[in-house]
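Colleague: One structure follows; several queries about it will come next.
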Number of protein chains: 2
Amino acid sequence: MTIYDIAREAGVSASTVSRVVNGKPGVNPRTRMKVQELLDQCGYVPNETARGLVTSNSRLVGILVADVRTQHHIEGTYYISRELMAQGYCSLILNTGGSDEERVGGIRMLEQRKVEAAVLIGSIFQSDAVEKAIGRYLPEVPVFMLNGFLNLPNVYGVLSDERGGVENCVRLLERKGRRRILFIVDAPTPSSKLKTQGFIDGMTALGYKRKDLCIYSGVEGSIRGGYMTMKKAIKENPDLDGVICSLDIIACGALHALREEHVSVPGQVSVIGIDNSPYAEICTPQLSSLDNMTLDSGMTIAHKLIDCLEGRTTNQRTLLYTNIVERGTT
Amino acid sequence: MTIYDIAREAGVSASTVSRVVNGKPGVNPRTRMKVQELLDQCGYVPNETARGLVTSNSRLVGILVADVRTQHHIEGTYYISRELMAQGYCSLILNTGGSDEERVGGIRMLEQRKVEAAVLIGSIFQSDAVEKAIGRYLPEVPVFMLNGFLNLPNVYGVLSDERGGVENCVRLLERKGRRRILFIVDAPTPSSKLKTQGFIDGMTALGYKRKDLCIYSGVEGSIRGGYMTMKKAIKENPDLDGVICSLDIIACGALHALREEHVSVPGQVSVIGIDNSPYAEICTPQLSSLDNMTLDSGMTIAHKLIDCLEGRTTNQRTLLYTNIVERGTT
DNA sequence: CTGTTAGCGCATTCAG
DNA sequence: CTGAATGCGCTAACAG
C-alpha cells in the first residue's frame, strides 16, 4: 500500500496524498477529507525508509549500551528512549558487548542507519578506539555520553562527580569513627578509576599514607565477586571497620560474607555501595549507597539531546553532584 | 560519501562499486582491489536506508517491551538482540509503556520501519487490541511472543508453564508440612492469572475449598507492595505458614515485613517467589523461587526467529517447563 | 488548490 | 567483466 495506490483510488495525484498524510496546507478541505478517509480505511502507514531517504532525516537516535542487563545503565536508557519516543523519534538500542571492536562496530552501524544523534551509556565508551570511530563514522552527528566524555567538537558529556562522591563516603565513615577502611573496586573502567581516586584523595586528606591504603581491585562485578573478596579481606584485615564498594551488587556479596563471618553490620563494620540501585533496598540490612545520579544523567541527556535536535545550543560538558543515601549499613 | 563518489574517484561505474561493496562476483580482481582500497580509505559505509528501499529488506527486527527496567523482561530482550546482531540484524527496541494505545502505536511503528519480524516481550501483549493491531499493521510479518500467544497465522508463542509451576510450589509447601498458604499476586496480566489458577488448582487438589483460599491480588509489583501486603496478611492470618508471591520483588518486600514482625523464615513461614531473578540471591535469607525460564524463552525465540527469517518452518506454539530453585526460604 | 517532475542512494536487470 | 538505465516510496520544487 503506497501513496500511489491511495492516489489512484481517490482519483488524485500522489503529491496530494503526501500533503494529506503530512498535514501540509494547500489542499481543498473536501479533497483532504476524502483522501483521509481512504487512508484510514486502508490502514495506510507511510514507509519511513523511503521518507528518510528523501528528507535525509531518519528520526532515529542510536543508543549504545555495553549490556542492557546492567542495572545502573538501564534506567538512563529507558528514560532517554521514552522521552525521544514522545518527540517522535525511535531509539535504536544496541547491546555492543564488552570489546572495543564491538563498540566501534556499533558506531559504524549507527552511521549505516543514519541516526540523527547517538547516546553512549557508560564510562566504558571513553576510549581511544571509540574516539577514533566517532571521528571516522559520526563526525557530524551529535554524540551524548552518559558518564563519559571525549574531546571532540560533536561530543557532549554528562558526568557525575564520582570521585568527589567517594571522597564524601570516606569522610562519612571517618565521622562515624571508622579508622580501617577498605575499598573494593571492579574492573578498571574510567568510572572505577575515578572512584578509586576519590578513595585515595579522601584517605590521604585524613592523613593516611598512600602505601597504607587497602584497595581490592579488579573484582568481578557480581554478588560472588563481592562475597569472595570480602572473605579474603576479613582474613587479611581482621581490624577492618569500614568498606566502600564500587557497585551495590558487590556490596551485597560483601554483606553475605560478613554475615557468614558473624561480623555485625553496622555494629563492627560499616558498608557503603555505589549506584543506589534497587539492590540496595533489597539486601539486609538495607545498604547505604552513593547515588551517582544515573536517572538524572539520563534525564539531562534526553533534554540536551532534544535541544540539540531542535537546533538549540547546549554546553558540551555537565557535571552532576552525587549524594549519599544512608540506610542500615552505616 | 556515496557509491557515486567512490566510483568517480576510482574511474569506474557505480554498479562496479556496488558489486565490490556487496562482495558479488563478476569483477576483475585488480579493479576490485583498487575499489576496495578506496572504500577503506574513505571509511565508506553503505546507506542502509537506501539499500532497504530497493531490496525491501530492512534487516531490522522490532522488539516491544512494556518497560525494559523490568528484571524478568530484560534477560530475554538482551539475548534476542545479541543473537540477532550476530546474524546481521538490528533490533529496534521500543518501550511501549502500559496502555493498549501505546502497544498498538508500537506495532504501527514497527510496520512504519518495515521490520522483518517482531518480538513482543511479556504476557501483557496478549490482548484483543494487540491482536487487532497485528492483523491490521503486521499481517505478513512473523510475530514472536515471549510468554504469550495469539491465535493468528503469523504469530508464534513461547510460553512457560507458570500454572503448573505454581501448582508445584503449592505441592512443595505441602510436603514441608505447610497448611495455611497465602498467595500474593500483582496486577491481573494474563501471566498472573495463570499463576493464580495454578495456586487454586494446587490447593483444591489438596482438598482445600475454593472459598477458603487466601489470595491477595492487585498488589503493586514492588518491594513496597510486598511489604504492605504482608503486613496486612499477618494481621489477618496469624496462623499462616506459607507464602507464594507472583514476583520475586514482592517476595523481597514480604520478607522485610516478616522480619519486622519477628516471624522466622523458614522456621515459622516458608516463602517462594517467581522469576528466579537476581533479587532472589540478594535478599536474606536467599529466596526460593520458581524459575519460569525467561532466559530459555528468549533463547528459544531467538532461534525460532532466525529459523523463520531464513525460511525454515517452526512450530507456532512452544511450552517450556518450569522448575523450583530452592534456597533459604523453604 | 493540484499535478508533473526530479531525485534521495542503492541494487539489479540488461546490453555491450 | 563493466556500464547505462530503471525503480524502490516518498517529498519538494515548480508549473499550471
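Starting from 1 in every chain, residues are counted up; chains themselves are A, B, ... following the order of the C-alpha cells, and ligands are numbered from 1 as listed.
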Hey, which bits of chain C sit within 9 Å of segment 3-12 of chain D, and for each residue what's the closest pair of atoms and how far apart in Å (one decimal), counting only C-alpha atoms (C1' of nucleotides), rows by chain and increasing number, as JSON lines?

Modeller:
{"residue": "C:DT12", "atom": "C1'", "partner": "D:DT6", "partner_atom": "C1'", "distance": 8.7}
{"residue": "C:DT13", "atom": "C1'", "partner": "D:DT6", "partner_atom": "C1'", "distance": 8.3}
{"residue": "C:DC14", "atom": "C1'", "partner": "D:DA5", "partner_atom": "C1'", "distance": 8.7}
{"residue": "C:DA15", "atom": "C1'", "partner": "D:DA4", "partner_atom": "C1'", "distance": 8.5}
{"residue": "C:DG16", "atom": "C1'", "partner": "D:DG3", "partner_atom": "C1'", "distance": 8.5}

Colleague: Write out as JSON, numbers by chain every residue belonging to chain C that has an atom at most 12 Å from any atom of chain A, counting only C-alpha atoms (C1' of nucleotides).

Modeller: {"C": [1, 2, 3, 4, 5, 6, 7, 8, 9, 10]}

Colleague: Could the residues in this selection be written to a file with N, CA and C atoms (P, O5', C5', C4', C3', O3' and C1' of nucleotides), as a compact mmCIF listing (two decimals), in the first residue's frame?

Modeller:
# COMPACT_ATOMS: atom_id res chain seq x y z
P DC C 1 -7.23 26.39 -0.43
O5' DC C 1 -6.84 25.48 -1.65
C5' DC C 1 -7.72 24.49 -2.11
C4' DC C 1 -7.28 24.14 -3.50
C3' DC C 1 -6.67 22.74 -3.59
O3' DC C 1 -7.61 21.92 -4.26
C1' DC C 1 -5.51 24.34 -4.94
P DT C 2 -7.51 20.33 -4.25
O5' DT C 2 -6.43 20.02 -5.36
C5' DT C 2 -6.84 20.03 -6.72
C4' DT C 2 -5.64 19.90 -7.60
C3' DT C 2 -4.89 18.57 -7.46
O3' DT C 2 -5.24 17.79 -8.58
C1' DT C 2 -3.44 20.45 -7.77
P DG C 3 -4.81 16.24 -8.66
O5' DG C 3 -3.64 16.27 -9.73
C5' DG C 3 -3.87 16.91 -10.98
C4' DG C 3 -2.55 17.17 -11.68
C3' DG C 3 -1.66 15.93 -11.84
O3' DG C 3 -1.21 15.87 -13.18
C1' DG C 3 -0.43 17.69 -10.82
P DT C 4 -0.46 14.58 -13.71
O5' DT C 4 0.92 15.16 -14.25
C5' DT C 4 1.02 16.53 -14.65
C4' DT C 4 2.47 16.92 -14.72
C3' DT C 4 3.44 15.77 -15.00
O3' DT C 4 4.39 16.21 -15.96
C1' DT C 4 4.11 16.91 -13.04
P DT C 5 5.50 15.22 -16.50
O5' DT C 5 6.74 15.58 -15.57
C5' DT C 5 7.20 16.95 -15.54
C4' DT C 5 8.39 17.04 -14.61
C3' DT C 5 9.43 15.92 -14.78
O3' DT C 5 10.70 16.51 -15.01
C1' DT C 5 8.86 16.21 -12.49
P DA C 6 11.95 15.61 -15.33
O5' DA C 6 12.75 15.67 -13.95
C5' DA C 6 12.91 16.94 -13.30
C4' DA C 6 13.55 16.72 -11.94
C3' DA C 6 14.67 15.68 -11.95
O3' DA C 6 15.74 16.21 -11.17
C1' DA C 6 13.06 15.10 -10.32
P DG C 7 17.20 15.56 -11.34
O5' DG C 7 17.43 14.91 -9.90
C5' DG C 7 17.24 15.70 -8.74
C4' DG C 7 17.12 14.76 -7.56
C3' DG C 7 18.12 13.59 -7.59
O3' DG C 7 18.68 13.48 -6.30
C1' DG C 7 15.96 12.79 -7.24
P DC C 8 20.17 13.00 -6.09
O5' DC C 8 20.19 12.55 -4.56
C5' DC C 8 19.64 13.37 -3.53
C4' DC C 8 19.03 12.45 -2.48
C3' DC C 8 19.79 11.14 -2.31
O3' DC C 8 20.72 11.28 -1.24
C1' DC C 8 17.38 10.81 -2.38
P DG C 9 22.29 11.03 -1.48
O5' DG C 9 22.36 9.45 -1.52
C5' DG C 9 22.13 8.70 -0.33
C4' DG C 9 22.08 7.24 -0.69
C3' DG C 9 23.33 6.74 -1.42
O3' DG C 9 23.84 5.64 -0.69
C1' DG C 9 21.36 6.11 -2.57
P DC C 10 24.99 4.69 -1.21
O5' DC C 10 24.18 3.52 -1.88
C5' DC C 10 23.37 2.69 -1.04
C4' DC C 10 22.44 1.87 -1.88
C3' DC C 10 23.12 0.81 -2.72
O3' DC C 10 23.05 -0.42 -2.00
C1' DC C 10 21.31 1.91 -3.87

Colleague: Using only C-alpha atoms, what does the table of chain B residues within 8 Å of chain A look like, with each row giving the shortest atom pair and its distance in Å to one decimal, sorted by chain and ascending number, as a tab-separated table?

Modeller:
residue	atom	partner	partner_atom	distance
B:Gly43	CA	A:Arg136	CA	6.9
B:Val45	CA	A:Gln112	CA	5.8
B:Pro46	CA	A:Gln112	CA	6.0
B:Asn47	CA	A:Gln112	CA	5.3
B:Glu48	CA	A:Gln112	CA	5.5
B:Thr49	CA	A:Thr49	CA	5.6
B:Ala50	CA	A:Leu53	CA	6.1
B:Gly52	CA	A:Thr49	CA	7.1
B:Leu53	CA	A:Ala50	CA	6.1
B:Asp67	CA	A:Tyr78	CA	7.6
B:Val68	CA	A:Tyr78	CA	6.6
B:Arg69	CA	A:Ile74	CA	6.2
B:Ile74	CA	A:Arg69	CA	6.2
B:Glu75	CA	A:Arg69	CA	6.6
B:Tyr78	CA	A:Val68	CA	6.6
B:Ser81	CA	A:Asn95	CA	7.2
B:Arg82	CA	A:Asn95	CA	6.7
B:Cys90	CA	A:Leu94	CA	7.6
B:Ser91	CA	A:Leu92	CA	6.8
B:Leu92	CA	A:Leu92	CA	5.1
B:Ile93	CA	A:Ile93	CA	6.0
B:Leu94	CA	A:Ser91	CA	7.1
B:Asn95	CA	A:Arg82	CA	6.7
B:Arg108	CA	A:Val45	CA	7.5
B:Glu111	CA	A:Val45	CA	7.2
B:Gln112	CA	A:Asn47	CA	5.3
B:Arg113	CA	A:Glu48	CA	5.5
B:Lys114	CA	A:Asn47	CA	7.2
B:Arg136	CA	A:Gly43	CA	6.9
B:Tyr137	CA	A:Gly43	CA	7.3
B:Ile223	CA	A:Ile282	CA	7.7
B:Cys252	CA	A:Ile282	CA	6.4
B:Gly253	CA	A:Ile282	CA	7.7
B:Tyr279	CA	A:Tyr279	CA	7.1
B:Ile282	CA	A:Cys283	CA	5.7
B:Cys283	CA	A:Cys283	CA	4.8
B:Thr284	CA	A:Thr284	CA	6.1

Colleague: As a PyMOL selection string, please: all residues of segment 82-302 of chain B that backbone DSSP puts in strand (DSSP E or B).

Modeller: chain B and resi 90-95+117-121+143-146+155-160+181-186+214-219+242-245+270-274+288-291

Colleague: Kindly export the residues of the current selection with N, CA and C atoms, as a compact mmCIF listing (two decimals), in the first residue's frame.

Modeller:
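Wrote result_28.txt, looks like this:
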# COMPACT_ATOMS: atom_id res chain seq x y z
N CYS B 90 19.54 -5.69 13.09
CA CYS B 90 19.50 -4.68 14.13
C CYS B 90 18.20 -4.84 14.90
N SER B 91 18.22 -4.54 16.18
CA SER B 91 17.00 -4.61 16.96
C SER B 91 16.48 -3.22 17.26
N LEU B 92 15.24 -3.00 16.91
CA LEU B 92 14.59 -1.75 17.24
C LEU B 92 13.79 -2.00 18.52
N ILE B 93 14.38 -1.62 19.65
CA ILE B 93 13.73 -1.91 20.92
C ILE B 93 12.84 -0.74 21.31
N LEU B 94 11.55 -1.01 21.47
CA LEU B 94 10.62 0.06 21.83
C LEU B 94 10.02 -0.19 23.21
N ASN B 95 10.13 0.79 24.07
CA ASN B 95 9.45 0.74 25.36
C ASN B 95 8.05 1.27 25.15
N ALA B 117 10.63 -8.85 11.32
CA ALA B 117 9.97 -9.68 12.32
C ALA B 117 9.77 -8.84 13.56
N ALA B 118 8.87 -9.31 14.42
CA ALA B 118 8.62 -8.57 15.65
C ALA B 118 8.65 -9.53 16.83
N VAL B 119 9.08 -9.02 17.97
CA VAL B 119 9.05 -9.80 19.20
C VAL B 119 8.31 -9.00 20.26
N LEU B 120 7.34 -9.61 20.88
CA LEU B 120 6.61 -8.93 21.95
C LEU B 120 6.97 -9.61 23.27
N ILE B 121 7.52 -8.84 24.19
CA ILE B 121 8.00 -9.42 25.44
C ILE B 121 6.98 -9.25 26.55
N VAL B 143 5.50 -12.70 14.02
CA VAL B 143 5.49 -12.06 15.33
C VAL B 143 5.71 -13.12 16.40
N PHE B 144 6.72 -12.91 17.23
CA PHE B 144 7.05 -13.87 18.27
C PHE B 144 6.68 -13.30 19.62
N MET B 145 5.99 -14.09 20.42
CA MET B 145 5.59 -13.60 21.73
C MET B 145 6.31 -14.38 22.82
N LEU B 146 6.93 -13.63 23.72
CA LEU B 146 7.57 -14.27 24.86
C LEU B 146 6.56 -14.32 26.00
N VAL B 155 1.63 -15.61 14.10
CA VAL B 155 2.09 -15.42 15.47
C VAL B 155 2.67 -16.71 16.05
N TYR B 156 3.83 -16.58 16.68
CA TYR B 156 4.49 -17.70 17.32
C TYR B 156 4.62 -17.39 18.80
N GLY B 157 4.31 -18.35 19.63
CA GLY B 157 4.38 -18.10 21.07
C GLY B 157 5.30 -19.07 21.78
N VAL B 158 6.11 -18.54 22.69
CA VAL B 158 6.90 -19.40 23.56
C VAL B 158 6.47 -19.09 24.98
N LEU B 159 5.84 -20.06 25.61
CA LEU B 159 5.29 -19.81 26.94
C LEU B 159 5.92 -20.74 27.96
N SER B 160 5.94 -20.29 29.21
CA SER B 160 6.38 -21.21 30.24
C SER B 160 5.16 -21.62 31.05
N ILE B 181 -1.52 -21.62 53.50
CA ILE B 181 -0.69 -20.99 52.46
C ILE B 181 -1.40 -19.80 51.82
N LEU B 182 -0.64 -18.70 51.70
CA LEU B 182 -1.18 -17.48 51.08
C LEU B 182 -0.61 -17.31 49.68
N PHE B 183 -1.38 -16.63 48.85
CA PHE B 183 -0.87 -16.29 47.52
C PHE B 183 -0.98 -14.78 47.32
N ILE B 184 0.15 -14.15 47.01
CA ILE B 184 0.16 -12.71 46.78
C ILE B 184 0.48 -12.47 45.31
N VAL B 185 -0.40 -11.75 44.63
CA VAL B 185 -0.25 -11.63 43.18
C VAL B 185 -0.42 -10.18 42.73
N ASP B 186 0.38 -9.79 41.76
CA ASP B 186 0.37 -8.41 41.25
C ASP B 186 -0.80 -8.17 40.29
N CYS B 214 -6.71 -18.15 50.40
CA CYS B 214 -6.37 -16.79 50.76
C CYS B 214 -5.47 -16.18 49.69
N ILE B 215 -6.07 -15.30 48.89
CA ILE B 215 -5.35 -14.68 47.77
C ILE B 215 -5.39 -13.16 47.90
N TYR B 216 -4.22 -12.55 47.92
CA TYR B 216 -4.15 -11.09 47.89
C TYR B 216 -3.77 -10.68 46.48
N SER B 217 -4.68 -10.04 45.77
CA SER B 217 -4.39 -9.73 44.37
C SER B 217 -4.32 -8.23 44.11
N GLY B 218 -3.84 -7.88 42.94
CA GLY B 218 -3.72 -6.47 42.55
C GLY B 218 -2.63 -5.74 43.30
N VAL B 219 -1.67 -6.50 43.83
CA VAL B 219 -0.59 -5.90 44.61
C VAL B 219 0.42 -5.22 43.69
N GLY B 242 2.87 -20.36 55.07
CA GLY B 242 3.47 -20.42 53.74
C GLY B 242 2.98 -19.26 52.88
N VAL B 243 3.88 -18.72 52.05
CA VAL B 243 3.50 -17.61 51.16
C VAL B 243 4.12 -17.86 49.78
N ILE B 244 3.29 -17.71 48.76
CA ILE B 244 3.81 -17.73 47.40
C ILE B 244 3.55 -16.36 46.80
N CYS B 245 4.58 -15.74 46.22
CA CYS B 245 4.43 -14.41 45.63
C CYS B 245 4.61 -14.50 44.12
N SER B 270 7.28 -20.38 55.30
CA SER B 270 8.07 -20.58 54.08
C SER B 270 7.64 -19.56 53.04
N VAL B 271 8.59 -19.10 52.23
CA VAL B 271 8.28 -18.11 51.20
C VAL B 271 8.86 -18.56 49.85
N ILE B 272 8.06 -18.43 48.81
CA ILE B 272 8.55 -18.71 47.46
C ILE B 272 8.21 -17.53 46.55
N GLY B 273 9.16 -17.10 45.76
CA GLY B 273 8.92 -16.07 44.76
C GLY B 273 8.83 -16.69 43.38
N ILE B 274 8.63 -15.84 42.38
CA ILE B 274 8.60 -16.31 41.00
C ILE B 274 9.46 -15.41 40.14
N SER B 288 13.84 -18.82 47.78
CA SER B 288 13.47 -19.90 46.87
C SER B 288 12.54 -19.32 45.82
N SER B 289 12.72 -19.76 44.58
CA SER B 289 11.95 -19.10 43.52
C SER B 289 11.62 -20.05 42.39
N LEU B 290 10.46 -19.83 41.79
CA LEU B 290 10.07 -20.62 40.63
C LEU B 290 10.75 -20.03 39.40
N ASP B 291 11.61 -20.81 38.78
CA ASP B 291 12.29 -20.34 37.58
C ASP B 291 11.34 -20.51 36.40

Colleague: Among segment 142-274 of chain B, which ones does DSSP place in alpha helix (DSSP H), written as a VMD selection string?

Modeller: chain B and resid 162 to 175 190 to 205 223 to 236 248 to 260

Colleague: Please measure the separation of atom CA of Pro266 of chain B and atom CA of Gly328 of chain A, giving the value in Å to one decimal.

Modeller: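 Distance between the two atoms: 23.0 Å.
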
Colleague: Find the residues around Gly23 of chain B up to 12 Å (only C-alpha atoms (C1' of nucleotides) counted), leave out those fewer than 5 positions away in its own chain, and share them as a short mmCIF file (atom, residue, chain, number, x, y, z; two decimals) with N, CA and C atoms, in the first residue's frame.

Modeller:
data_model
loop_
_atom_site.label_atom_id
_atom_site.label_comp_id
_atom_site.auth_asym_id
_atom_site.auth_seq_id
_atom_site.Cartn_x
_atom_site.Cartn_y
_atom_site.Cartn_z
N THR B 16 29.82 -1.16 -10.40
CA THR B 16 31.02 -1.91 -10.02
C THR B 16 31.30 -1.72 -8.53
N VAL B 17 31.19 -0.49 -8.09
CA VAL B 17 31.41 -0.23 -6.67
C VAL B 17 30.41 -1.03 -5.84
N SER B 18 29.16 -1.02 -6.27
CA SER B 18 28.12 -1.77 -5.57
C SER B 18 28.50 -3.24 -5.48
N PRO B 29 39.67 -8.89 -10.52
CA PRO B 29 40.36 -8.81 -9.24
C PRO B 29 41.13 -7.51 -9.04
N ARG B 32 38.63 -4.79 -8.42
CA ARG B 32 38.06 -5.00 -7.09
C ARG B 32 39.01 -4.45 -6.02
N MET B 33 40.27 -4.77 -6.18
CA MET B 33 41.23 -4.35 -5.17
C MET B 33 41.34 -2.83 -5.10
N VAL B 35 39.15 -0.61 -5.98
CA VAL B 35 37.93 -0.03 -5.40
C VAL B 35 37.90 -0.26 -3.88
N GLN B 36 38.24 -1.48 -3.49
CA GLN B 36 38.21 -1.82 -2.07
C GLN B 36 39.13 -0.89 -1.27
#

Colleague: Between atom CA of Ser277 of chain B and atom CA of Arg178 of chain B, what is the spacing in Å?

Modeller: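 Pair atom CA of Arg178 of chain B / atom CA of Ser277 of chain B returns 24.5 Å.
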
Colleague: So the first atom is atom CA of Asn276 of chain B and the second is atom CA of Asp296 of chain B; what is the distance between them in Å, to one decimal place?

Modeller: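 Atom CA of Asn276 of chain B sits 12.5 Å away from atom CA of Asp296 of chain B.
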